[in-house]
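Q: coords_35.cif is the file, holding mmCIF, C-alpha atoms and all ligand atoms:
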```cif
data_input
#
loop_
_atom_site.label_atom_id
_atom_site.label_comp_id
_atom_site.auth_asym_id
_atom_site.auth_seq_id
_atom_site.Cartn_x
_atom_site.Cartn_y
_atom_site.Cartn_z
CA MET A 15 128.93 240.43 194.20
CA ILE A 16 128.08 243.58 192.22
CA PRO A 17 126.70 243.01 188.70
CA VAL A 18 128.41 245.04 185.97
CA PHE A 19 126.33 246.04 182.94
CA ALA A 20 128.65 246.74 180.01
CA ALA A 21 127.07 248.59 177.06
CA ARG A 22 125.91 245.36 175.39
CA HIS A 23 124.26 244.19 178.64
CA VAL A 24 122.38 247.48 179.06
CA GLU A 25 121.12 247.16 175.46
CA GLU A 26 120.16 243.52 176.00
CA ALA A 27 118.28 244.32 179.23
CA VAL A 28 116.40 247.47 178.14
CA SER A 29 114.69 247.92 174.77
CA PRO A 30 114.13 251.44 173.40
CA GLU A 31 110.40 251.02 174.05
CA ARG A 32 110.96 249.98 177.67
CA ALA A 33 113.36 252.92 178.02
CA LEU A 34 110.72 255.36 176.78
CA GLU A 35 108.15 254.09 179.31
CA ALA A 36 110.72 254.12 182.14
CA VAL A 37 111.75 257.70 181.26
CA ARG A 38 108.09 258.79 181.11
CA GLU A 39 107.55 257.38 184.64
CA ALA A 40 110.72 259.10 185.85
CA PHE A 41 109.56 262.53 184.59
CA LEU A 42 106.24 261.94 186.40
CA ALA A 43 107.90 260.79 189.67
CA TYR A 44 110.18 263.84 189.60
CA HIS A 45 107.27 266.16 188.87
CA ARG A 46 105.31 264.69 191.84
CA GLY A 47 108.35 265.25 194.07
CA ASP A 48 108.79 261.50 194.71
CA TRP A 49 112.27 261.53 193.14
CA SER A 50 114.85 264.22 193.90
CA MET A 51 117.87 265.37 191.98
CA PRO A 52 120.58 267.70 193.33
CA PRO A 53 121.99 269.97 190.60
CA LYS A 54 124.33 268.41 188.04
CA VAL A 55 127.93 269.49 188.64
CA TYR A 56 130.02 270.42 185.58
CA VAL A 57 133.77 269.94 185.87
CA PRO A 58 135.16 271.87 182.87
CA ALA A 59 138.26 270.62 181.08
CA TYR A 60 137.85 272.94 178.08
CA PRO A 61 138.61 273.15 175.24
CA ALA A 62 138.78 269.34 175.22
CA GLY A 63 135.46 268.76 177.00
CA ASP A 64 133.86 268.46 180.40
CA PHE A 65 132.99 265.97 183.13
CA ARG A 66 129.57 265.86 184.80
CA ALA A 67 128.58 264.40 188.19
CA MET A 68 124.86 263.65 188.24
CA PRO A 69 123.30 262.39 191.51
CA VAL A 70 119.68 261.29 192.01
CA LEU A 71 117.47 259.63 194.64
CA GLY A 72 114.28 257.71 193.87
CA ALA A 73 112.40 254.43 194.17
CA GLY A 74 114.48 253.31 197.17
CA HIS A 75 117.74 253.83 195.29
CA ALA A 76 120.40 256.46 194.77
CA ALA A 77 122.52 256.76 191.65
CA LEU A 78 125.47 258.78 190.48
CA LYS A 79 126.45 259.17 186.86
CA TRP A 80 130.04 260.27 186.23
CA VAL A 81 130.02 261.10 182.55
CA THR A 82 131.87 263.15 179.95
CA SER A 83 131.22 265.22 176.85
CA PHE A 84 134.43 265.42 174.77
CA PRO A 85 133.21 266.48 171.30
CA GLY A 86 136.61 266.03 169.59
CA ASN A 87 136.93 262.41 170.70
CA PRO A 88 135.43 260.73 167.59
CA GLU A 89 138.37 262.08 165.53
CA GLN A 90 140.61 259.95 167.75
CA GLY A 91 138.30 256.95 167.53
CA LEU A 92 136.95 257.59 171.05
CA PRO A 93 133.31 258.17 172.08
CA THR A 94 132.11 261.70 173.00
CA VAL A 95 130.21 260.38 176.01
CA THR A 96 131.77 257.89 178.42
CA GLY A 97 131.78 257.01 182.14
CA LEU A 98 129.91 254.95 184.73
CA VAL A 99 126.58 254.90 186.56
CA LEU A 100 126.69 253.62 190.15
CA LEU A 101 123.39 252.35 191.59
CA SER A 102 123.06 252.05 195.38
CA ASP A 103 120.38 250.87 197.82
CA ALA A 104 118.99 253.96 199.58
CA SER A 105 118.07 251.99 202.73
CA ASN A 106 121.62 250.94 203.61
CA GLY A 107 123.91 252.66 201.11
CA MET A 108 125.13 249.38 199.62
CA LEU A 109 126.27 249.44 196.00
CA ARG A 110 123.83 247.35 193.91
CA ALA A 111 125.18 247.57 190.36
CA VAL A 112 127.50 249.38 187.93
CA PHE A 113 126.56 250.40 184.36
CA ASP A 114 128.30 251.71 181.27
CA ALA A 115 127.24 255.38 181.23
CA GLY A 116 127.41 255.73 177.45
CA ALA A 117 124.79 253.04 176.87
CA VAL A 118 122.53 254.29 179.67
CA THR A 119 122.86 257.85 178.33
CA ALA A 120 122.05 256.88 174.74
CA LEU A 121 118.94 254.91 175.74
CA ARG A 122 117.54 257.59 178.01
CA THR A 123 118.45 260.45 175.64
CA GLY A 124 116.79 258.76 172.67
CA ALA A 125 113.81 258.05 174.91
CA ALA A 126 113.47 261.67 176.07
CA ALA A 127 113.81 263.06 172.53
CA VAL A 128 111.03 260.83 171.21
CA LEU A 129 108.84 261.11 174.33
CA ALA A 130 108.90 264.91 173.95
CA ALA A 131 108.23 264.66 170.20
CA GLU A 132 105.25 262.33 170.76
CA THR A 133 103.91 264.47 173.62
CA LEU A 134 104.34 267.88 172.00
CA GLY A 135 104.22 267.14 168.27
CA ARG A 136 101.00 267.33 166.27
CA ALA A 137 98.78 264.25 166.57
CA ASP A 138 98.87 263.95 162.76
CA ALA A 139 102.65 264.37 162.48
CA GLU A 140 103.95 262.23 159.63
CA THR A 141 107.63 262.86 159.00
CA ALA A 142 110.41 262.53 161.58
CA ALA A 143 114.10 263.37 161.25
CA VAL A 144 117.22 263.31 163.38
CA VAL A 145 120.02 265.78 162.63
CA GLY A 146 123.36 264.54 164.00
CA ALA A 147 123.74 260.79 163.52
CA GLY A 148 126.33 260.08 166.21
CA VAL A 149 125.87 257.81 169.21
CA ASN A 150 122.92 259.66 170.72
CA GLY A 151 121.34 260.70 167.41
CA ARG A 152 121.29 257.04 166.39
CA ALA A 153 119.64 256.20 169.73
CA ALA A 154 116.90 258.74 169.03
CA ALA A 155 116.38 257.35 165.52
CA LYS A 156 116.27 253.80 166.93
CA THR A 157 113.60 254.88 169.42
CA PHE A 158 111.50 256.45 166.62
CA VAL A 159 111.78 253.17 164.67
CA ALA A 160 110.86 251.13 167.78
CA ARG A 161 107.75 253.31 168.11
CA GLY A 162 106.75 252.39 164.56
CA ARG A 163 107.76 255.64 162.90
CA GLU A 164 109.79 256.15 159.73
CA VAL A 165 112.75 258.41 160.33
CA ALA A 166 115.32 260.20 158.16
CA LEU A 167 118.84 260.98 159.35
CA TRP A 168 121.16 263.81 158.37
CA ASP A 169 124.74 264.49 159.43
CA VAL A 170 127.55 266.76 158.19
CA ASP A 171 129.45 263.50 157.81
CA GLU A 172 127.43 261.79 155.08
CA GLY A 173 128.97 258.38 155.78
CA GLN A 174 127.88 258.65 159.40
CA ALA A 175 124.24 259.27 158.38
CA ARG A 176 124.34 256.49 155.79
CA GLY A 177 125.86 253.97 158.21
CA ALA A 178 123.34 254.79 160.92
CA ALA A 179 120.39 254.66 158.51
CA LEU A 180 121.49 251.29 157.15
CA GLY A 181 121.80 249.78 160.62
CA LEU A 182 118.37 251.01 161.67
CA GLY A 183 116.27 250.55 158.56
CA ALA A 184 115.95 254.35 158.34
CA SER A 185 116.57 256.69 155.40
CA VAL A 186 119.06 259.49 154.76
CA ALA A 187 117.53 262.95 154.28
CA GLY A 188 118.34 264.61 150.94
CA SER A 189 119.64 267.74 152.66
CA ARG A 190 119.88 269.39 156.04
CA GLU A 191 116.98 271.68 155.07
CA GLU A 192 114.82 268.65 154.23
CA ALA A 193 115.60 267.05 157.61
CA LEU A 194 114.91 270.27 159.50
CA ALA A 195 111.54 270.60 157.73
CA ALA A 196 110.16 267.32 159.17
CA ASP A 197 107.07 267.42 161.37
CA LEU A 198 109.10 265.99 164.26
CA VAL A 199 112.76 267.00 164.39
CA VAL A 200 115.45 265.89 166.83
CA THR A 201 118.74 267.84 166.82
CA MET A 202 121.65 265.93 168.36
CA THR A 203 124.77 267.80 167.22
CA PRO A 204 127.72 269.09 169.28
CA GLY A 205 125.96 272.49 169.36
CA HIS A 206 128.81 274.44 167.78
CA GLU A 207 126.64 275.65 164.90
CA VAL A 208 123.16 277.17 165.01
CA LEU A 209 121.05 274.83 162.87
CA LEU A 210 117.84 276.83 163.17
CA PRO A 211 118.33 280.54 162.31
CA PRO A 212 115.53 283.10 162.68
CA GLY A 213 112.46 282.25 160.60
CA SER A 214 113.55 278.71 159.73
CA LEU A 215 110.77 276.72 161.44
CA ARG A 216 107.27 276.45 159.97
CA ALA A 217 103.89 276.32 161.71
CA GLY A 218 103.11 273.02 163.41
CA GLN A 219 106.63 271.64 163.70
CA HIS A 220 108.16 270.18 166.85
CA VAL A 221 111.90 270.18 167.60
CA SER A 222 113.56 268.26 170.43
CA LEU A 223 116.76 270.27 170.97
CA MET A 224 119.11 267.73 172.52
CA GLY A 225 122.65 268.75 171.58
CA ALA A 226 123.12 272.00 173.54
CA ASP A 227 123.49 270.48 176.97
CA GLY A 228 126.37 272.54 178.32
CA PRO A 229 127.94 276.00 178.33
CA GLY A 230 128.63 277.71 174.99
CA LYS A 231 126.46 275.38 172.87
CA ALA A 232 123.40 276.30 170.79
CA GLU A 233 121.38 274.65 168.03
CA ILE A 234 118.68 277.35 167.65
CA ALA A 235 118.89 281.15 167.43
CA VAL A 236 117.42 283.04 170.38
CA GLU A 237 114.98 284.89 168.05
CA GLU A 238 113.72 281.56 166.71
CA LEU A 239 113.44 279.91 170.13
CA VAL A 240 111.34 282.72 171.58
CA ARG A 241 108.84 282.50 168.73
CA THR A 242 108.09 278.87 169.74
CA HIS A 243 106.10 277.38 172.62
CA ALA A 244 109.08 276.30 174.71
CA PHE A 245 109.32 273.26 176.98
CA CYS A 246 112.27 271.84 178.88
CA ASP A 247 113.26 268.84 180.96
CA ASP A 248 114.09 270.88 184.09
CA TRP A 249 114.00 274.64 184.33
CA GLU A 250 116.91 274.95 186.79
CA GLN A 251 119.24 272.90 184.65
CA ALA A 252 118.06 274.09 181.23
CA SER A 253 118.11 277.80 182.13
CA HIS A 254 121.68 277.55 183.40
CA ASN A 255 123.39 275.12 181.05
CA GLY A 256 120.98 274.31 178.26
CA GLU A 257 119.71 275.85 175.07
CA LEU A 258 117.49 278.22 177.08
CA VAL A 259 120.40 279.98 178.77
CA HIS A 260 121.10 282.28 175.80
CA ALA A 261 117.50 283.54 175.69
CA VAL A 262 117.34 283.87 179.49
CA GLU A 263 120.60 285.85 179.58
CA ALA A 264 119.35 288.11 176.76
CA GLY A 265 116.23 288.81 178.85
CA ALA A 266 114.11 287.35 176.01
CA LEU A 267 112.66 284.41 177.97
CA GLN A 268 111.22 284.19 181.47
CA ARG A 269 110.47 281.22 183.70
CA GLU A 270 106.69 281.48 183.19
CA GLN A 271 107.09 281.14 179.41
CA VAL A 272 108.67 277.67 179.67
CA THR A 273 106.87 274.48 180.73
CA GLU A 274 108.54 271.38 182.13
CA LEU A 275 107.72 268.15 180.28
CA GLY A 276 106.74 266.42 183.54
CA ALA A 277 103.92 268.93 184.09
CA VAL A 278 102.53 268.18 180.63
CA LEU A 279 102.78 264.41 181.16
CA ALA A 280 100.95 264.84 184.50
CA ARG A 281 98.28 266.85 182.65
CA GLU A 282 98.88 269.80 184.95
CA ALA A 283 100.05 272.12 182.19
CA ASP A 284 99.18 272.67 178.55
CA GLY A 285 101.27 270.96 175.93
CA ARG A 286 100.72 272.00 172.30
CA ARG A 287 97.81 274.46 172.18
CA SER A 288 97.09 274.39 168.44
CA ASP A 289 98.08 272.65 165.22
CA ASP A 290 99.86 275.81 164.10
CA GLU A 291 102.04 276.25 167.13
CA ILE A 292 105.76 275.46 166.87
CA THR A 293 106.92 273.52 169.93
CA THR A 294 110.50 273.10 171.16
CA PHE A 295 111.86 270.89 173.94
CA ASP A 296 115.22 271.80 175.49
CA SER A 297 116.90 268.75 176.96
CA THR A 298 119.99 268.96 179.09
CA GLY A 299 119.70 265.35 180.26
CA LEU A 300 118.58 264.50 183.79
CA ALA A 301 119.91 262.02 186.33
CA ILE A 302 116.31 260.83 186.86
CA GLN A 303 116.44 259.45 183.29
CA ASP A 304 119.61 257.52 184.12
CA LEU A 305 118.08 256.10 187.29
CA ALA A 306 115.04 255.03 185.25
CA ILE A 307 117.25 253.03 182.84
CA ALA A 308 119.36 251.54 185.66
CA LEU A 309 116.23 250.32 187.45
CA ALA A 310 114.74 248.95 184.21
CA ALA A 311 118.00 247.03 183.66
CA MET A 312 117.89 245.68 187.23
CA ASP A 313 114.40 244.27 186.50
CA ARG A 314 116.20 241.92 184.09
CA VAL A 315 119.35 241.30 186.13
CA ASP A 316 118.62 237.55 186.34
CA LYS A 317 117.97 237.28 182.58
CA VAL A 318 121.31 238.72 181.41
CA ASP A 319 124.64 236.94 181.74
CA LEU A 320 126.62 239.57 183.65
CA PRO A 321 130.16 239.81 184.96
CA THR A 322 130.43 240.78 188.63
CA LEU A 323 132.72 242.85 190.82
CA ASP A 324 133.89 241.43 194.15
CA LEU A 325 134.75 244.56 196.15
N1 LIG A 401 120.41 266.28 176.11
C1 LIG A 401 120.95 265.17 176.48
O1 LIG A 401 120.44 264.46 177.33
C2 LIG A 401 122.22 264.69 175.82
C3 LIG A 401 122.68 263.39 176.05
C4 LIG A 401 123.81 262.95 175.38
C5 LIG A 401 124.51 263.79 174.54
N2 LIG A 401 124.05 265.07 174.37
C6 LIG A 401 124.77 266.00 173.50
O2 LIG A 401 124.43 265.67 172.17
C7 LIG A 401 125.51 265.98 171.31
C8 LIG A 401 125.87 264.78 170.46
O3 LIG A 401 126.31 263.72 171.31
P1 LIG A 401 126.79 262.32 170.70
O4 LIG A 401 127.25 261.51 171.85
O5 LIG A 401 125.75 261.77 169.80
O6 LIG A 401 128.04 262.83 169.85
P2 LIG A 401 128.74 262.16 168.59
O7 LIG A 401 130.07 262.80 168.48
O8 LIG A 401 128.66 260.67 168.68
O9 LIG A 401 127.81 262.61 167.36
C9 LIG A 401 127.68 263.94 166.94
C10 LIG A 401 127.32 263.89 165.45
O10 LIG A 401 126.93 265.20 165.04
C11 LIG A 401 127.48 265.42 163.74
N3 LIG A 401 127.53 266.84 163.51
C12 LIG A 401 128.45 267.73 163.96
N4 LIG A 401 128.11 268.98 163.58
C13 LIG A 401 126.95 268.86 162.89
C14 LIG A 401 126.11 269.79 162.23
N5 LIG A 401 126.38 271.09 162.23
N6 LIG A 401 125.01 269.32 161.58
C15 LIG A 401 124.72 267.99 161.57
N7 LIG A 401 125.49 267.07 162.17
C16 LIG A 401 126.58 267.50 162.83
C17 LIG A 401 128.82 264.70 163.76
O11 LIG A 401 129.30 264.43 162.46
C18 LIG A 401 128.48 263.45 164.56
O12 LIG A 401 128.06 262.39 163.73
C19 LIG A 401 126.65 266.47 172.23
O13 LIG A 401 126.61 267.87 172.27
C20 LIG A 401 126.29 265.89 173.57
O14 LIG A 401 126.84 266.63 174.63
C21 LIG A 401 122.92 265.52 174.97
#
```
Written as structure tokens, how would this file's structure read?

A:
Amino acid sequence: MIPVFAARHVEEAVSPERALEAVREAFLAYHRGDWSMPPKVYVPAYPAGDFRAMPVLGAGHAALKWVTSFPGNPEQGLPTVTGLVLLSDASNGMLRAVFDAGAVTALRTGAAAVLAAETLGRADAETAAVVGAGVNGRAAAKTFVARGREVALWDVDEGQARGAALGLGASVAGSREEALAADLVVTMTPGHEVLLPPGSLRAGQHVSLMGADGPGKAEIAVEELVRTHAFCDDWEQASHNGELVHAVEAGALQREQVTELGAVLAREADGRRSDDEITTFDSTGLAIQDLAIALAAMDRVDKVDLPTLDL
């Protein structure tokens, strides 16, 4: 019998705090070379959206996430991100469990956004804001709240920001400019509009750039990105399909100017070097993060009342 974790089961099994710790360990295991991750495959179905196949091997397991990004879906009452995560035993190939990909994605994306903000932001950072209060923006805000931080939300759709803030005990920022001026900023928009034009960030800020995770998307101008101390989740992925790709293609950013988060967590590379530095983290979303959440959920498989599949 194969346990099936629907979204509510994933949320019951893994708290945002547990997710953050699991994702931290996953970045470290990947940095050490203990976990491996073949490149994510994009299957474009533009202009509607794209499919992504994301395989990973680690901790005696293999996983595959088959997941979408269809930005126009909310207008039809459908989620932007949907699909499944399959978790298998790496010693015999047997399928161990199936998970709702949307819930796994939201938990691990919120975790990575806040982990990067806590790692790279100033130690005395006070204000935090999330721009884009959809499924994954809300997950980031929920993770900030779980970590004991007050957070403000902003969205082009005011009702969306208000609804999310109400549900989380967060506030709504007075304006986009106010949100983008926070000490710790998370951007989680579809990436169709540059939110951070040249000269918009001030000394000491940190921005986790989460929305531009595929071709043609950007949340920050190249000129603004290159004036920051840039970090990413994975150079290969981020320099080909993330926010970094525009700067790399323009010849404005080289590999040695960008540090992977795992290296900072392992204390093998510098994080923030001064209080004045502006730090940015480009996230494209890694399969190692999904495996981390799937394994954390499996730790609680006996505690959650789950349906099963008899294949
Ligand atoms: N880096 C990662 O790991 C990762 C993971 C999941 C999703 N994403 C990406 O994040 C983005 C958001 O995903 P989601 O599932 O939360 O989508 P969603 O559709 O649920 O939410 C997007 C929100 O952004 C708002 N928005 C749109 N344009 C905006 C703008 N210019 N300023 C402020 N708000 C704006 C929308 O009103 C909506 O509320 C997508 O591009 C998705 O591909 C990245």

Q: Give me the residues within 7 Å of Asp114 (chain A) as a PyMOL selection string, counting only C-alpha atoms and dropping any in the same chain fewer than 6 places off.

A: chain A and resi 19-21+97-99

Q: Residues at most 6 Å from ligand LIG 401 (chain A), using only C-alpha atoms and all ligand atoms? Could they come as a ChimeraX atom specification?

A: /A:83,85,88,94-95,119,123,145-151,169-171,174,202-205,207,224-227,297-299

Q: Kindly provide, as a list in words, the polymer residues lying within 6 Å of (115.8, 254.4, 162.4), counting all atoms listed in the file and using the coordinates exactly as they appear in the file.

A: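 Output: Ala155, Lys156, Val159, Val165, Leu182, Gly183 and Ala184 of chain A.
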
Q: Could you tell me which of A:Ala311, A:Gly63, A:Pro321, A:Ala120 comes closest to Lys231 (chain A) if we count all atoms listed in the file?

A: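 Comparing A:Ala311, A:Gly63, A:Pro321, A:Ala120 against Lys231 (chain A), the winner is A:Gly63.
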
Q: Would you please work out which residue, of A:Asp247, A:Val236, A:Leu78, A:Glu31, is nearest to Glu263 (chain A) when using only C-alpha atoms?

A: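 Using only C-alpha atoms, Glu263 (chain A) sits closest to A:Val236.
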
Q: Hey, what's within 9 Å of Leu300 (chain A) if we count only C-alpha atoms and toss same-chain stuff fewer than 6 positions away? As a list in words, please?

A: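 These residues fall inside the cut-off: Met51, Lys54, Met68, Val70, Asp247, Asp248 and Gln251 of chain A.
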
Q: Looking at A:Val57, A:Ile307, A:Leu323, A:Ala193, which one is nearest to Ala142 (chain A), with distances taken over all atoms listed in the file?

A: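 Ranking A:Val57, A:Ile307, A:Leu323, A:Ala193 by distance to Ala142 (chain A), first place goes to A:Ala193.
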
Q: Choose the residue, out of A:Ala73, A:Ala130, A:Ala179, A:Leu215, that has the smallest atom-to-atom separation from Ile292 (chain A); count all atoms listed in the file.

A: A:Leu215

Q: Hey, can you check how far CA of Leu101 (chain A) sits from CA of Gly86 (chain A)?

A: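 Computing the Euclidean distance for CA of Leu101 (chain A) and CA of Gly86 (chain A) yields 29.1 Å.
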
Q: For each of A:Asp64, A:Gly177, A:Ala111, A:Gly72, take the minimum atom-to-atom distance to Asp313 (chain A), counting all atoms listed in the file, then give the residue where this is smallest.

A: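 Comparing A:Asp64, A:Gly177, A:Ala111, A:Gly72 against Asp313 (chain A), the winner is A:Ala111.
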
Q: Please, what distance in Å, to one decimal, runs between CA of Glu291 (chain A) and CA of Ala36 (chain A)?

A: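 So the answer is 28.1 Å.
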
Q: Could you please determine the separation between CA of His220 (chain A) and CA of Arg286 (chain A) in Å, to one decimal place?

A: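 Separation of CA of His220 (chain A) and CA of Arg286 (chain A): 9.4 Å.
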
Q: Of the candidates A:Pro212, A:Gly162, A:Gly74, A:Gly124, which shows the shortest atom-to-atom distance to Trp49 (chain A), using all atoms listed in the file?

A: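 Nearest candidate to Trp49 (chain A) out of A:Pro212, A:Gly162, A:Gly74, A:Gly124: A:Gly74.
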
Q: Please list as a tab-separated table (two decimals) with C-alpha atoms, keeping the file's coordinate frame every residue within 9 Å of Gly213 (chain A), counting all atoms listed in the file and excluding residues in the same chain fewer than 2 positions away.

A:
```
chain	number	residue	atom	x	y	z
A	210	LEU	CA	117.84	276.83	163.17
A	211	PRO	CA	118.33	280.54	162.31
A	215	LEU	CA	110.77	276.72	161.44
A	216	ARG	CA	107.27	276.45	159.97
A	237	GLU	CA	114.98	284.89	168.05
A	238	GLU	CA	113.72	281.56	166.71
A	241	ARG	CA	108.84	282.50	168.73
```

Q: Contacts of region 25-27 of chain A at 12 Å or less, counting only C-alpha atoms, minus same-chain residues fewer than 5 places along, as a PyMOL selection string?

A: chain A and resi 19-20+32-33+113-122+153+156+307-320

Q: Can you pull out the residues contacting Val144 (chain A)? Cut-off 7 Å, using only C-alpha atoms, and skip same-chain residues under 6 positions away; I want them as a list of chain:residue names.

A: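 Here the qualifying residues turn out to be A:Gly151, A:Ala155, A:Ala166, A:Leu167, A:Trp168, A:Val199, A:Val200, A:Thr201.
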
Q: Can you write out as a Markdown table which residues of region 65-88 of chain A fall within 7 Å of region 102-109 of chain A, alongside each residue's closest atom pair and its distance in Å to one decimal, counting all atoms listed in the file and ordering rows by chain and ascending residue number?

A:
```
| residue | atom | partner | partner_atom | distance |
| --- | --- | --- | --- | --- |
| A:Gly74 | CA | A:Ala104 | CA | 5.2 |
| A:His75 | CA | A:Ala104 | CA | 4.5 |
| A:Ala76 | CA | A:Ser102 | CA | 5.2 |
| A:Ala77 | CA | A:Ser102 | CA | 6.0 |
```

Q: Since the input is missing atoms for region 177-202 of chain A, could you rebuild it with N, CA and C atoms and give the result as a PDB file, keeping the file's coordinate frame?

A:
```
ATOM      1  N   GLY A 177     125.605 255.157 157.377  1.00  0.00           N
ATOM      2  CA  GLY A 177     125.860 253.970 158.210  1.00  0.00           C
ATOM      3  C   GLY A 177     124.771 253.788 159.251  1.00  0.00           C
ATOM      4  N   ALA A 178     124.374 254.880 159.882  1.00  0.00           N
ATOM      5  CA  ALA A 178     123.340 254.790 160.920  1.00  0.00           C
ATOM      6  C   ALA A 178     122.014 254.365 160.311  1.00  0.00           C
ATOM      7  N   ALA A 179     121.682 254.962 159.155  1.00  0.00           N
ATOM      8  CA  ALA A 179     120.390 254.660 158.510  1.00  0.00           C
ATOM      9  C   ALA A 179     120.334 253.181 158.113  1.00  0.00           C
ATOM     10  N   LEU A 180     121.437 252.689 157.585  1.00  0.00           N
ATOM     11  CA  LEU A 180     121.490 251.290 157.150  1.00  0.00           C
ATOM     12  C   LEU A 180     121.251 250.352 158.331  1.00  0.00           C
ATOM     13  N   GLY A 181     121.916 250.640 159.441  1.00  0.00           N
ATOM     14  CA  GLY A 181     121.800 249.780 160.620  1.00  0.00           C
ATOM     15  C   GLY A 181     120.416 249.783 161.229  1.00  0.00           C
ATOM     16  N   LEU A 182     119.654 250.857 160.979  1.00  0.00           N
ATOM     17  CA  LEU A 182     118.370 251.010 161.670  1.00  0.00           C
ATOM     18  C   LEU A 182     117.156 250.789 160.765  1.00  0.00           C
ATOM     19  N   GLY A 183     117.405 250.616 159.480  1.00  0.00           N
ATOM     20  CA  GLY A 183     116.270 250.550 158.560  1.00  0.00           C
ATOM     21  C   GLY A 183     115.627 251.922 158.406  1.00  0.00           C
ATOM     22  N   ALA A 184     116.443 252.973 158.510  1.00  0.00           N
ATOM     23  CA  ALA A 184     115.950 254.350 158.340  1.00  0.00           C
ATOM     24  C   ALA A 184     116.450 254.871 156.998  1.00  0.00           C
ATOM     25  N   SER A 185     116.094 256.118 156.659  1.00  0.00           N
ATOM     26  CA  SER A 185     116.570 256.690 155.400  1.00  0.00           C
ATOM     27  C   SER A 185     117.519 257.852 155.684  1.00  0.00           C
ATOM     28  N   VAL A 186     118.197 258.315 154.637  1.00  0.00           N
ATOM     29  CA  VAL A 186     119.060 259.490 154.760  1.00  0.00           C
ATOM     30  C   VAL A 186     118.322 260.665 154.125  1.00  0.00           C
ATOM     31  N   ALA A 187     118.212 261.774 154.842  1.00  0.00           N
ATOM     32  CA  ALA A 187     117.530 262.950 154.280  1.00  0.00           C
ATOM     33  C   ALA A 187     118.353 263.509 153.128  1.00  0.00           C
ATOM     34  N   GLY A 188     117.671 264.079 152.128  1.00  0.00           N
ATOM     35  CA  GLY A 188     118.340 264.610 150.940  1.00  0.00           C
ATOM     36  C   GLY A 188     119.221 265.799 151.250  1.00  0.00           C
ATOM     37  N   SER A 189     118.870 266.556 152.284  1.00  0.00           N
ATOM     38  CA  SER A 189     119.640 267.740 152.660  1.00  0.00           C
ATOM     39  C   SER A 189     119.317 268.070 154.118  1.00  0.00           C
ATOM     40  N   ARG A 190     120.145 268.957 154.674  1.00  0.00           N
ATOM     41  CA  ARG A 190     119.880 269.390 156.040  1.00  0.00           C
ATOM     42  C   ARG A 190     118.523 270.098 156.121  1.00  0.00           C
ATOM     43  N   GLU A 191     118.237 270.923 155.082  1.00  0.00           N
ATOM     44  CA  GLU A 191     116.980 271.680 155.070  1.00  0.00           C
ATOM     45  C   GLU A 191     115.791 270.718 155.069  1.00  0.00           C
ATOM     46  N   GLU A 192     115.920 269.640 154.292  1.00  0.00           N
ATOM     47  CA  GLU A 192     114.820 268.650 154.230  1.00  0.00           C
ATOM     48  C   GLU A 192     114.612 268.032 155.619  1.00  0.00           C
ATOM     49  N   ALA A 193     115.712 267.667 156.283  1.00  0.00           N
ATOM     50  CA  ALA A 193     115.600 267.050 157.610  1.00  0.00           C
ATOM     51  C   ALA A 193     114.957 268.038 158.599  1.00  0.00           C
ATOM     52  N   LEU A 194     115.407 269.287 158.544  1.00  0.00           N
ATOM     53  CA  LEU A 194     114.910 270.270 159.500  1.00  0.00           C
ATOM     54  C   LEU A 194     113.473 270.705 159.204  1.00  0.00           C
ATOM     55  N   ALA A 195     112.932 270.263 158.073  1.00  0.00           N
ATOM     56  CA  ALA A 195     111.540 270.600 157.730  1.00  0.00           C
ATOM     57  C   ALA A 195     110.568 269.498 158.138  1.00  0.00           C
ATOM     58  N   ALA A 196     111.054 268.420 158.767  1.00  0.00           N
ATOM     59  CA  ALA A 196     110.160 267.320 159.170  1.00  0.00           C
ATOM     60  C   ALA A 196     109.160 267.804 160.223  1.00  0.00           C
ATOM     61  N   ASP A 197     108.061 267.059 160.350  1.00  0.00           N
ATOM     62  CA  ASP A 197     107.070 267.420 161.370  1.00  0.00           C
ATOM     63  C   ASP A 197     107.666 267.301 162.775  1.00  0.00           C
ATOM     64  N   LEU A 198     108.434 266.222 162.974  1.00  0.00           N
ATOM     65  CA  LEU A 198     109.100 265.990 164.260  1.00  0.00           C
ATOM     66  C   LEU A 198     110.596 265.963 164.007  1.00  0.00           C
ATOM     67  N   VAL A 199     111.314 266.906 164.618  1.00  0.00           N
ATOM     68  CA  VAL A 199     112.760 267.000 164.390  1.00  0.00           C
ATOM     69  C   VAL A 199     113.474 266.776 165.722  1.00  0.00           C
ATOM     70  N   VAL A 200     114.550 266.012 165.678  1.00  0.00           N
ATOM     71  CA  VAL A 200     115.450 265.890 166.830  1.00  0.00           C
ATOM     72  C   VAL A 200     116.811 266.411 166.385  1.00  0.00           C
ATOM     73  N   THR A 201     117.379 267.378 167.123  1.00  0.00           N
ATOM     74  CA  THR A 201     118.740 267.840 166.820  1.00  0.00           C
ATOM     75  C   THR A 201     119.676 267.269 167.879  1.00  0.00           C
ATOM     76  N   MET A 202     120.729 266.594 167.423  1.00  0.00           N
ATOM     77  CA  MET A 202     121.650 265.930 168.360  1.00  0.00           C
ATOM     78  C   MET A 202     123.077 266.149 167.866  1.00  0.00           C
TER      79      MET A 202
END
```
